[in-house]
Amino acid sequence: MENSTKTPDHHIVQDATDSLSLSDVNGSIETPKDGSFWRKLLAFSGPGALVAVGYMDPGNWVTSVGGGAQYHYVLLSIVLISSLIAMMLQYMAGKLGIVRQEDLAQATRDRTNKPGGIALWIMTELALMATDIAEVIGGAIALHLLFGWSMIASVLTTAFDVILLLLLMKFGFRKIEAIVMTLILTILLIFGYLVVLSNPNLVDLFGGYLPQLQAVSPNGPKGIDSPLLMSLGIIGATVMPHNLYLHSSISQTRKVDRKDKGAIKEAVRFMTWDSNLQLTLAFVINSFLLILGASLFFGKADSVGTFGAMYNALGDNSIAGAIASPILSTLFAVALLASGQNSTITGTLTGEIIMEGFLHMRIPMWLRRVVTRGLALLPVIACTLYYGGSETELDKLLLNSQVFLSVALPFAMAPLILFTSSKKIMGEFANPKWMTVLGWLSFVVLTGLNIKLIFDIVSGWIG
């Protein structure tokens with residue numbers, strides 16, 4: 001299949017029925033036919049970094065640091081399980097894009113009726129909005145902490161990141177991948193440094209990776225979120241539905257000989273290496289976040305309930321101990337800002353993918369970004385004004401957005417597992433039976449936990 005050429009269309013809304021996913025960059029990056037393993041891996045590396053960004057956005061910070069501060073290392077097992085599920089699902093998503101040369105949104109829309117496709121599009125857009133809410137809050141708080149701006153001014157400033165994004169897009173897709181990788185390494189180094197200084201108990205730390213029933217208990221100490229709520233928040237912040245749509249699209253940016261089955265197999269292989277390596281980095285960063293919360297702030301959860309409180313705690317000897325210093329606080333805020341900006345890039349790309357795939361419509365990226373960010377800004381501005389800029393209330397909004405992502409995840413998981421397990425659709429590239437079983441088991445368990453969570457929330461409202 002070749003990129004279709006179209007007569008220039010000057011309308012804002014354009015038809016995208018016959019376009020390849022992200023057609024401007026689809027198949028735009030050359031890959032070597034010969035050469036060493038490392039040379040080929042380098043050529044295919046990049047999409048995994050863009051995907052991994054979603055696994056370390058500001059939403060992860062609240063859930064992971066808070067989980068460590070409230071339940072010590074117990075929830076490390078949830079971080080590990082979430083990361084393994086993520087690796088499996090991202091493999092399926094990347095494979096779908098390479099083998100079928102269509103993204104998950106296109107595949108879902110083409111295999112469902114119009115009402116079903118629109119319903120799934122609405123759910124996906126809401127999940128994308130929830131993701132953007134986390135980016136707005138994280139970026140705004142980082143600006144507030146670094147420069148002392150008022151919260152409402154910081155929130156409004158995040159609306160202008162569309163300018164930064166449009167400038168980055170002009171550098172080319174490969175340059176964007178390099179920038180994202182640099183920001184990921186920056187976050188990794190900062191938190192690695194903070195964790196080393198915190199001197200965690202290694203026996204307790206590694207013991208936390210062993211699954212425990214306490215991690216999914218619906219009951220927690222009075223005034224503290226239950227382990228189940230925190231676990232679902234971690235899952236929602238780690239395995240993010242929009243990443244499945246994103247990966248199925250950007251895995252197609254590498255130029256592959258569609259007539260050579262061996263070339264397709266090799267592309268799937270290196271996509272898997274790239275994805276798993278980058279998601280391992282994301283797993284390490286998420287672990288660092290929880291370990292930092294557990295080793296420095298366990299038993300002091302009230303002192304780190306917000307980003308601002310974490311920032312202040314890192315400079316307060318009475319909370320963080322002897323390692324406390326203003327430098328650590330500043331590093332924390334810089335990493336938070338880098339995380340928010342990274343997620344902005346991938347969120348915008350995903351918005352374009354799902355609109356083209358589900359609705360067969362394309363609008364300019366700047367307009368898409370304005371609409372997406374505008375919709376995300378509304379609840380954040382309303383919350384900021386209503387509560388007088390209270391960061392505590394903003395962090396509650398952020399945590400609830402992550403729980404919603406967990407609720408939305410099965411709506412992306414089900415079609416992905418269904419399509420990639422079908423020999424009719426994927427041929428010899430269909431998932432092996434063990435992976436299909438694990439995929440559906442993950443789907444059932446996550447859906448069951450979500451139903452339990454919703455039941456508990458509704459019960460709390462009623463009585």
# chains A, B, ... in the order shown; residues from 1 in each chain; ligands from 1

call {"tool": "closest_atom_pairs", "arguments": {"of": "region 364-411 of chain A", "to": "region 56-66 of chain A", "cutoff": "12 Å", "atoms": "only C-alpha atoms", "output": "CSV"}}
result
residue,atom,partner,partner_atom,distance
A:Glu391,CA,A:Val62,CA,12.0
A:Thr392,CA,A:Val62,CA,11.1
A:Leu394,CA,A:Val62,CA,10.9
A:Asp395,CA,A:Val62,CA,7.4
A:Lys396,CA,A:Val62,CA,9.2
A:Leu397,CA,A:Gly59,CA,10.2
A:Leu398,CA,A:Gly59,CA,6.5
A:Leu399,CA,A:Thr63,CA,6.9
A:Asn400,CA,A:Gly59,CA,9.6
A:Ser401,CA,A:Gly59,CA,8.1
A:Gln402,CA,A:Gly59,CA,6.3
A:Val403,CA,A:Thr63,CA,9.8
A:Phe404,CA,A:Gly59,CA,11.5
A:Leu405,CA,A:Gly59,CA,10.2
A:Ser406,CA,A:Gly59,CA,11.9

call {"tool": "residues_around", "arguments": {"residues": "Gly208 (chain A)", "least_positions_apart": "4", "cutoff": "8 Å", "atoms": "only C-alpha atoms", "output": "PyMOL selection string"}}
result
chain A and resi 73-77+204

call {"tool": "closest_residue", "arguments": {"among": "A:Gly138, A:Gly351, A:Pro200, A:Pro241", "to": "Ala86 (chain A)", "atoms": "only C-alpha atoms"}}
result
A:Pro241

call {"tool": "residues_around", "arguments": {"residues": "region 265-280 of chain A", "least_positions_apart": "2", "cutoff": "9 Å", "atoms": "only C-alpha atoms", "output": "VMD selection string"}}
result
chain A and resid 40 to 42 44 to 53 55 83 to 84 86 to 88 90 to 91 94 to 95 98 to 99 251 254 256 260 to 263 282 to 285 429

call {"tool": "residues_around", "arguments": {"residues": "Leu128 (chain A)", "least_positions_apart": "5", "cutoff": "12 Å", "atoms": "only C-alpha atoms", "output": "PyMOL selection string"}}
result
chain A and resi 54+121-123+133-135+240-246+343-344+346-355+369+371-373+375-376+401-402+404-405+408-409

call {"tool": "write_last_selection", "arguments": {"atoms": "N, CA and C atoms", "output": "short mmCIF file (atom, residue, chain, number, x, y, z; two decimals), in the first residue's frame"}}
result
data_model
loop_
_atom_site.label_atom_id
_atom_site.label_comp_id
_atom_site.auth_asym_id
_atom_site.auth_seq_id
_atom_site.Cartn_x
_atom_site.Cartn_y
_atom_site.Cartn_z
N GLY A 54 3.88 8.33 28.09
CA GLY A 54 2.57 8.24 28.71
C GLY A 54 2.57 7.45 30.01
N TRP A 121 -15.32 6.26 20.10
CA TRP A 121 -14.58 7.51 19.88
C TRP A 121 -14.80 8.46 21.05
N ILE A 122 -16.05 8.59 21.50
CA ILE A 122 -16.36 9.48 22.62
C ILE A 122 -15.61 9.04 23.88
N MET A 123 -15.62 7.72 24.15
CA MET A 123 -14.91 7.20 25.32
C MET A 123 -13.41 7.51 25.22
N ILE A 133 -5.81 16.66 31.30
CA ILE A 133 -6.03 17.31 32.60
C ILE A 133 -4.80 17.10 33.49
N ALA A 134 -4.26 15.88 33.49
CA ALA A 134 -3.07 15.60 34.29
C ALA A 134 -1.88 16.43 33.81
N GLU A 135 -1.76 16.60 32.49
CA GLU A 135 -0.66 17.39 31.95
C GLU A 135 -0.79 18.86 32.33
N MET A 240 -2.09 3.31 29.89
CA MET A 240 -3.00 4.36 29.44
C MET A 240 -3.60 4.02 28.08
N PRO A 241 -4.94 4.12 27.95
CA PRO A 241 -5.59 3.69 26.71
C PRO A 241 -5.12 4.43 25.47
N HIS A 242 -4.80 5.73 25.61
CA HIS A 242 -4.43 6.46 24.39
C HIS A 242 -3.11 5.96 23.82
N ASN A 243 -2.26 5.34 24.66
CA ASN A 243 -0.98 4.84 24.16
C ASN A 243 -1.15 3.69 23.18
N LEU A 244 -2.24 2.93 23.32
CA LEU A 244 -2.49 1.81 22.40
C LEU A 244 -2.78 2.35 21.00
N TYR A 245 -3.53 3.44 20.93
CA TYR A 245 -3.82 4.06 19.63
C TYR A 245 -2.54 4.69 19.07
N LEU A 246 -1.79 5.35 19.94
CA LEU A 246 -0.57 6.02 19.49
C LEU A 246 0.44 5.04 18.91
N SER A 343 4.43 14.66 27.66
CA SER A 343 3.11 14.07 27.46
C SER A 343 2.26 14.91 26.52
N THR A 344 2.51 16.22 26.47
CA THR A 344 1.77 17.09 25.57
C THR A 344 1.99 16.69 24.11
N THR A 346 2.81 13.70 22.82
CA THR A 346 2.16 12.44 22.45
C THR A 346 0.64 12.56 22.50
N GLY A 347 0.13 13.38 23.42
CA GLY A 347 -1.31 13.55 23.50
C GLY A 347 -1.89 14.18 22.24
N THR A 348 -1.17 15.15 21.68
CA THR A 348 -1.64 15.80 20.46
C THR A 348 -1.62 14.85 19.28
N LEU A 349 -0.56 14.08 19.15
CA LEU A 349 -0.49 13.09 18.07
C LEU A 349 -1.64 12.09 18.18
N THR A 350 -1.93 11.64 19.39
CA THR A 350 -3.00 10.66 19.59
C THR A 350 -4.35 11.25 19.23
N GLY A 351 -4.56 12.53 19.55
CA GLY A 351 -5.82 13.18 19.20
C GLY A 351 -6.06 13.16 17.71
N GLU A 352 -5.01 13.40 16.94
CA GLU A 352 -5.13 13.37 15.48
C GLU A 352 -5.43 11.95 15.00
N ILE A 353 -4.78 10.97 15.61
CA ILE A 353 -4.97 9.57 15.21
C ILE A 353 -6.40 9.11 15.43
N ILE A 354 -6.97 9.40 16.60
CA ILE A 354 -8.30 8.88 16.89
C ILE A 354 -9.39 9.61 16.11
N MET A 355 -9.18 10.90 15.83
CA MET A 355 -10.18 11.63 15.04
C MET A 355 -10.19 11.12 13.60
N ARG A 369 -5.03 20.83 18.73
CA ARG A 369 -4.40 21.08 20.03
C ARG A 369 -5.18 22.11 20.83
N VAL A 371 -8.40 22.77 20.63
CA VAL A 371 -9.66 22.18 21.10
C VAL A 371 -9.39 21.24 22.28
N THR A 372 -8.40 20.35 22.12
CA THR A 372 -8.10 19.38 23.18
C THR A 372 -7.68 20.08 24.47
N ARG A 373 -6.74 21.02 24.35
CA ARG A 373 -6.27 21.72 25.54
C ARG A 373 -7.37 22.60 26.12
N LEU A 375 -10.63 22.02 26.12
CA LEU A 375 -11.56 21.18 26.86
C LEU A 375 -10.96 20.72 28.19
N ALA A 376 -9.66 20.47 28.19
CA ALA A 376 -8.99 20.05 29.43
C ALA A 376 -8.86 21.22 30.41
N SER A 401 -8.90 11.73 37.55
CA SER A 401 -8.70 11.57 36.10
C SER A 401 -7.96 10.28 35.80
N GLN A 402 -7.04 9.89 36.68
CA GLN A 402 -6.29 8.65 36.48
C GLN A 402 -7.17 7.43 36.72
N PHE A 404 -10.37 7.40 36.11
CA PHE A 404 -11.21 7.32 34.91
C PHE A 404 -10.46 6.63 33.78
N LEU A 405 -9.15 6.89 33.66
CA LEU A 405 -8.37 6.22 32.61
C LEU A 405 -8.38 4.71 32.80
N ALA A 408 -11.61 3.52 31.50
CA ALA A 408 -11.68 3.59 30.04
C ALA A 408 -10.80 2.56 29.35
N LEU A 409 -9.79 2.05 30.05
CA LEU A 409 -8.82 1.15 29.43
C LEU A 409 -9.44 -0.09 28.78
#

call {"tool": "select_by_dssp", "arguments": {"residues": "region 39-217 of chain A", "states": "alpha helix (DSSP H)", "output": "PyMOL selection string"}}
result
chain A and resi 39-44+47-53+58-71+76-100+104-110+114-147+151-157+161-169+173-198+202-207

call {"tool": "write_last_selection", "arguments": {"atoms": "C-alpha atoms", "output": "compact mmCIF listing (two decimals), in the first residue's frame"}}
result
# COMPACT_ATOMS: atom_id res chain seq x y z
CA ARG A 39 22.42 -0.47 13.86
CA LYS A 40 18.96 -1.79 13.06
CA LEU A 41 17.77 -1.33 16.64
CA LEU A 42 18.92 2.30 16.53
CA ALA A 43 16.95 2.86 13.34
CA PHE A 44 13.78 1.42 14.88
CA PRO A 47 8.39 5.16 18.82
CA GLY A 48 8.88 3.27 22.08
CA ALA A 49 10.08 6.48 23.74
CA LEU A 50 6.96 8.37 22.65
CA VAL A 51 4.84 5.55 24.05
CA ALA A 52 6.85 5.35 27.29
CA VAL A 53 6.19 9.05 27.94
CA PRO A 58 2.28 13.78 35.99
CA GLY A 59 -0.62 11.45 36.74
CA ASN A 60 1.87 8.77 37.75
CA TRP A 61 3.56 11.08 40.21
CA VAL A 62 0.55 11.61 42.47
CA THR A 63 -0.49 7.95 42.47
CA SER A 64 3.01 6.49 42.83
CA VAL A 65 4.48 8.87 45.41
CA GLY A 66 1.18 8.88 47.31
CA GLY A 67 1.00 5.09 47.16
CA GLY A 68 4.48 4.79 48.66
CA ALA A 69 3.81 7.37 51.36
CA GLN A 70 0.55 5.66 52.38
CA TYR A 71 1.33 1.94 51.97
CA LEU A 76 5.36 -1.86 43.96
CA SER A 77 3.75 -5.15 42.92
CA ILE A 78 1.02 -3.13 41.12
CA VAL A 79 3.68 -1.06 39.34
CA LEU A 80 5.39 -4.28 38.18
CA ILE A 81 2.19 -6.02 37.05
CA SER A 82 1.00 -2.85 35.29
CA SER A 83 4.30 -2.56 33.44
CA LEU A 84 4.20 -6.19 32.28
CA ILE A 85 0.62 -5.77 31.06
CA ALA A 86 1.72 -2.57 29.30
CA MET A 87 4.55 -4.37 27.51
CA MET A 88 2.15 -7.03 26.26
CA LEU A 89 -0.49 -4.56 25.09
CA GLN A 90 2.01 -2.22 23.43
CA TYR A 91 3.50 -5.19 21.59
CA MET A 92 0.03 -6.01 20.27
CA ALA A 93 -0.59 -2.39 19.28
CA GLY A 94 2.73 -1.94 17.50
CA LYS A 95 2.31 -5.27 15.72
CA LEU A 96 -1.17 -4.32 14.51
CA GLY A 97 0.21 -1.17 12.94
CA ILE A 98 3.14 -2.86 11.21
CA VAL A 99 1.32 -5.95 9.96
CA ARG A 100 -2.02 -4.42 8.97
CA LEU A 104 -6.25 0.76 16.38
CA ALA A 105 -8.78 3.53 15.73
CA GLN A 106 -8.96 2.64 12.03
CA ALA A 107 -9.16 -1.08 12.78
CA THR A 108 -11.94 -0.56 15.32
CA ARG A 109 -14.00 1.79 13.16
CA ASP A 110 -13.76 -0.50 10.11
CA LYS A 114 -21.28 3.58 13.02
CA PRO A 115 -23.01 4.00 16.43
CA GLY A 116 -20.52 1.64 18.06
CA GLY A 117 -17.59 3.44 16.46
CA ILE A 118 -18.85 6.84 17.61
CA ALA A 119 -19.44 5.55 21.16
CA LEU A 120 -15.87 4.23 21.31
CA TRP A 121 -14.58 7.51 19.88
CA ILE A 122 -16.36 9.48 22.62
CA MET A 123 -14.91 7.20 25.32
CA THR A 124 -11.43 7.59 23.82
CA GLU A 125 -11.76 11.38 23.59
CA LEU A 126 -12.81 11.50 27.26
CA ALA A 127 -9.76 9.38 28.17
CA LEU A 128 -7.56 11.75 26.17
CA MET A 129 -9.12 14.70 28.00
CA ALA A 130 -8.40 12.99 31.33
CA THR A 131 -4.78 12.57 30.23
CA ASP A 132 -4.59 16.22 29.24
CA ILE A 133 -6.03 17.31 32.60
CA ALA A 134 -3.07 15.60 34.29
CA GLU A 135 -0.66 17.39 31.95
CA VAL A 136 -2.28 20.77 32.61
CA ILE A 137 -2.19 20.31 36.38
CA GLY A 138 1.35 18.94 36.43
CA GLY A 139 2.71 21.64 34.14
CA ALA A 140 0.87 24.43 35.95
CA ILE A 141 2.07 23.35 39.37
CA ALA A 142 5.64 23.01 38.07
CA LEU A 143 5.51 26.60 36.74
CA HIS A 144 3.99 27.78 40.03
CA LEU A 145 6.76 26.10 42.04
CA LEU A 146 9.64 27.21 39.82
CA PHE A 147 8.61 30.82 39.16
CA MET A 151 -1.99 29.06 40.13
CA ILE A 152 -4.53 30.50 37.71
CA ALA A 153 -1.77 32.26 35.71
CA SER A 154 0.21 29.01 35.60
CA VAL A 155 -2.84 27.06 34.41
CA LEU A 156 -3.54 29.58 31.64
CA THR A 157 0.14 29.55 30.57
CA ASP A 161 2.29 24.87 24.72
CA VAL A 162 0.66 24.48 21.29
CA ILE A 163 3.25 26.98 19.99
CA LEU A 164 6.10 24.84 21.34
CA LEU A 165 4.59 21.72 19.82
CA LEU A 166 4.15 23.26 16.36
CA LEU A 167 7.77 24.42 16.41
CA LEU A 168 8.95 20.92 17.33
CA MET A 169 6.91 19.34 14.52
CA PHE A 173 9.65 13.20 13.53
CA ARG A 174 13.12 11.80 14.23
CA LYS A 175 14.11 15.02 16.02
CA ILE A 176 10.97 14.85 18.17
CA GLU A 177 11.88 11.29 19.19
CA ALA A 178 15.39 12.48 20.18
CA ILE A 179 13.98 15.37 22.26
CA VAL A 180 11.56 13.05 24.03
CA MET A 181 14.32 10.53 24.78
CA THR A 182 16.48 13.32 26.23
CA LEU A 183 13.66 14.44 28.53
CA ILE A 184 13.06 10.83 29.63
CA LEU A 185 16.73 10.43 30.55
CA THR A 186 16.58 13.73 32.44
CA ILE A 187 13.66 12.47 34.54
CA LEU A 188 15.40 9.11 35.07
CA LEU A 189 18.64 10.72 36.29
CA ILE A 190 16.87 13.15 38.63
CA PHE A 191 14.79 10.48 40.32
CA GLY A 192 17.63 7.99 40.37
CA TYR A 193 19.67 10.59 42.24
CA LEU A 194 16.81 11.29 44.68
CA VAL A 195 16.27 7.58 45.38
CA VAL A 196 19.97 6.95 46.05
CA LEU A 197 19.97 9.84 48.52
CA SER A 198 16.83 8.48 50.23
CA LEU A 202 16.51 -2.93 49.89
CA VAL A 203 14.96 -6.01 51.54
CA ASP A 204 11.60 -4.28 51.98
CA LEU A 205 11.91 -2.72 48.55
CA PHE A 206 12.34 -5.97 46.60
CA GLY A 207 9.76 -7.66 48.81

call {"tool": "residues_around", "arguments": {"residues": "Leu418 (chain A)", "least_positions_apart": "2", "cutoff": "10 Å", "atoms": "only C-alpha atoms", "output": "ChimeraX atom specification"}}
result
/A:413-416,420-422,425,430-431,436,439-440

call {"tool": "atom_distance", "arguments": {"atom1": "CA of Leu290 (chain A)", "atom2": "CA of His72 (chain A)"}}
result
8.2 Å

call {"tool": "closest_residue", "arguments": {"among": "A:Val407, A:Leu213, A:Ala159, A:Ile417", "to": "Val370 (chain A)", "atoms": "only C-alpha atoms"}}
result
A:Ala159
